[in-house]
Amino acid sequence: MKIATWNINGIKARHDVLVEWLKQAEPDIVCLQEIKSVDEAFPGSELEALGYNVATHGQKGFNGVALLSRLPFDEVNRGLAGDDADEQARFIEGVFSVDGQVLRVVSLYLPNGNPTNDPRKFDYKLAWMDRLQAWATDRLTLEEPLVLAGDYNVIPQAEDCWDPAVWEGDALFRSETRSRFEALKNLGFTEALRSANGDSGIYTFWDYQAGAWPKNHGIRIDHLLLSPEAAMHYGGCAVDKYVRDWEKPSDHVPVWIDYQLAS
DNA sequence: ATGGTTGGTAGCCAA
């Protein structure tokens, strides 16, 4: 079973590319970020015709996350706990039944955090990561398969970008950001892509600007974290880099894991 | 090279 994550940078602009990739890649569960759409404007019925159940947590203009799944949803939870005043749509959890076992999959869009001198940006990002840490700590007590997938806006290590000097001081690479991501992993998560590909030159995002894609000036910021129970099903990970060469691409590409079933 | 491009919006802001 294929579980994928992809920041599509706008469902309206990415509709055709998304449908084409779904047909080619045939993922079973897809975590989408930056749908930049309200729930009513999301092309749910069309994606349902392709065989997917659809759950969205949308917002006008910015942010917005969604889950597509060939499995029916047993439950959907929208929004990250810990701040009732937070109106940004960045978190959706789907609960599924697989082989008689619970499987939880989260699509998250972690705040960018720039500029770092703006507390509404950087402090919000760090607070969001602290809330995620608390939520994950609580969820892990269930001892269930849990996949935390999405655009983390975190460059975990220097090897995860073309030129670390360029990212010095950036919210994606600041020590406060990286230490929080490390703390999250240290709860017991397995980071899928790193374990599959080693330690350098694997990117998931290339900026539209300054010829970043043809020069391969990328960063690795889209991650899938697996709980110990999910890691037992882990069968590999891949980056669908070819999609970045399509017409009207997102600046991110899909990343997916092979989630092996017991049978 | 302190630039550059894209998406959603009609606020140029967010990335």
# chains A, B, ... in the order shown; residues from 1 in each chain; ligands from 1

call {"tool": "interface_residues", "arguments": {"of": "chain B", "to": "chain A", "cutoff": "10 Å", "atoms": "only C-alpha atoms (C1' of nucleotides)", "output": "list in words"}}
result
DG3, DG4, DT5, DT6, DG7, DG8, DT9, DC13, DA14 and DA15 of chain B

call {"tool": "select_by_dssp", "arguments": {"residues": "range 191-221 of chain A", "states": "alpha helix (DSSP H)", "output": "list in words"}}
result
Ala192, Leu193, Arg194, Ser195, Ala196 and Asn197 of chain A

call {"tool": "closest_residue", "arguments": {"among": "A:Ile202, A:Ile221, A:Leu47, A:Cys161", "to": "Asp240 in chain A", "atoms": "only C-alpha atoms"}}
result
A:Ile202

call {"tool": "atom_distance", "arguments": {"atom1": "CA of Arg244 in chain A", "atom2": "CA of Thr204 in chain A"}}
result
9.4 Å

call {"tool": "residues_around", "arguments": {"residues": "range 122-134 of chain A", "least_positions_apart": "4", "cutoff": "8 Å", "atoms": "only C-alpha atoms (C1' of nucleotides)", "output": "PyMOL selection string"}}
result
chain A and resi 80-82+110-118+138+171+176-177+180-181+183-184

call {"tool": "write_last_selection", "arguments": {"atoms": "C-alpha atoms", "output": "mmCIF file, in the first residue's frame"}}
result
data_model
loop_
_atom_site.group_PDB
_atom_site.id
_atom_site.type_symbol
_atom_site.label_atom_id
_atom_site.label_comp_id
_atom_site.auth_asym_id
_atom_site.auth_seq_id
_atom_site.Cartn_x
_atom_site.Cartn_y
_atom_site.Cartn_z
ATOM 1 C CA LEU A 80 -4.134 20.613 15.768
ATOM 2 C CA ALA A 81 -5.020 20.598 19.462
ATOM 3 C CA GLY A 82 -3.551 23.076 21.884
ATOM 4 C CA LEU A 110 3.851 23.178 9.370
ATOM 5 C CA PRO A 111 4.184 26.988 9.366
ATOM 6 C CA ASN A 112 7.032 28.416 7.274
ATOM 7 C CA GLY A 113 8.112 30.791 10.041
ATOM 8 C CA ASN A 114 9.748 33.531 7.993
ATOM 9 C CA PRO A 115 10.584 36.254 8.658
ATOM 10 C CA THR A 116 12.137 35.167 11.941
ATOM 11 C CA ASN A 117 11.900 38.656 13.460
ATOM 12 C CA ASP A 118 8.092 38.525 13.203
ATOM 13 C CA ASP A 138 -0.343 11.709 23.514
ATOM 14 C CA ALA A 171 13.249 29.717 9.799
ATOM 15 C CA GLU A 176 15.203 26.186 17.366
ATOM 16 C CA THR A 177 13.362 24.588 14.428
ATOM 17 C CA ARG A 180 12.160 20.635 17.779
ATOM 18 C CA PHE A 181 12.033 18.304 14.766
ATOM 19 C CA ALA A 183 12.776 16.076 19.629
ATOM 20 C CA LEU A 184 9.700 14.939 17.717
#

call {"tool": "atom_distance", "arguments": {"atom1": "CA of Gly218 in chain A", "atom2": "CA of Trp256 in chain A"}}
result
17.9 Å

call {"tool": "select_by_dssp", "arguments": {"residues": "range 101-145 of chain A", "states": "strand (DSSP E or B)", "output": "ChimeraX atom specification"}}
result
/A:101-109

call {"tool": "write_last_selection", "arguments": {"atoms": "C-alpha atoms", "output": "compact mmCIF listing (two decimals), in the first residue's frame"}}
result
# COMPACT_ATOMS: atom_id res chain seq x y z
CA GLN A 101 -5.86 -2.89 12.78
CA VAL A 102 -6.19 0.87 13.26
CA LEU A 103 -4.09 3.07 10.98
CA ARG A 104 -3.84 6.80 11.62
CA VAL A 105 -2.54 9.12 8.89
CA VAL A 106 -1.98 12.84 9.38
CA SER A 107 -1.52 15.44 6.65
CA LEU A 108 0.23 18.45 8.17
CA TYR A 109 1.44 21.77 6.84
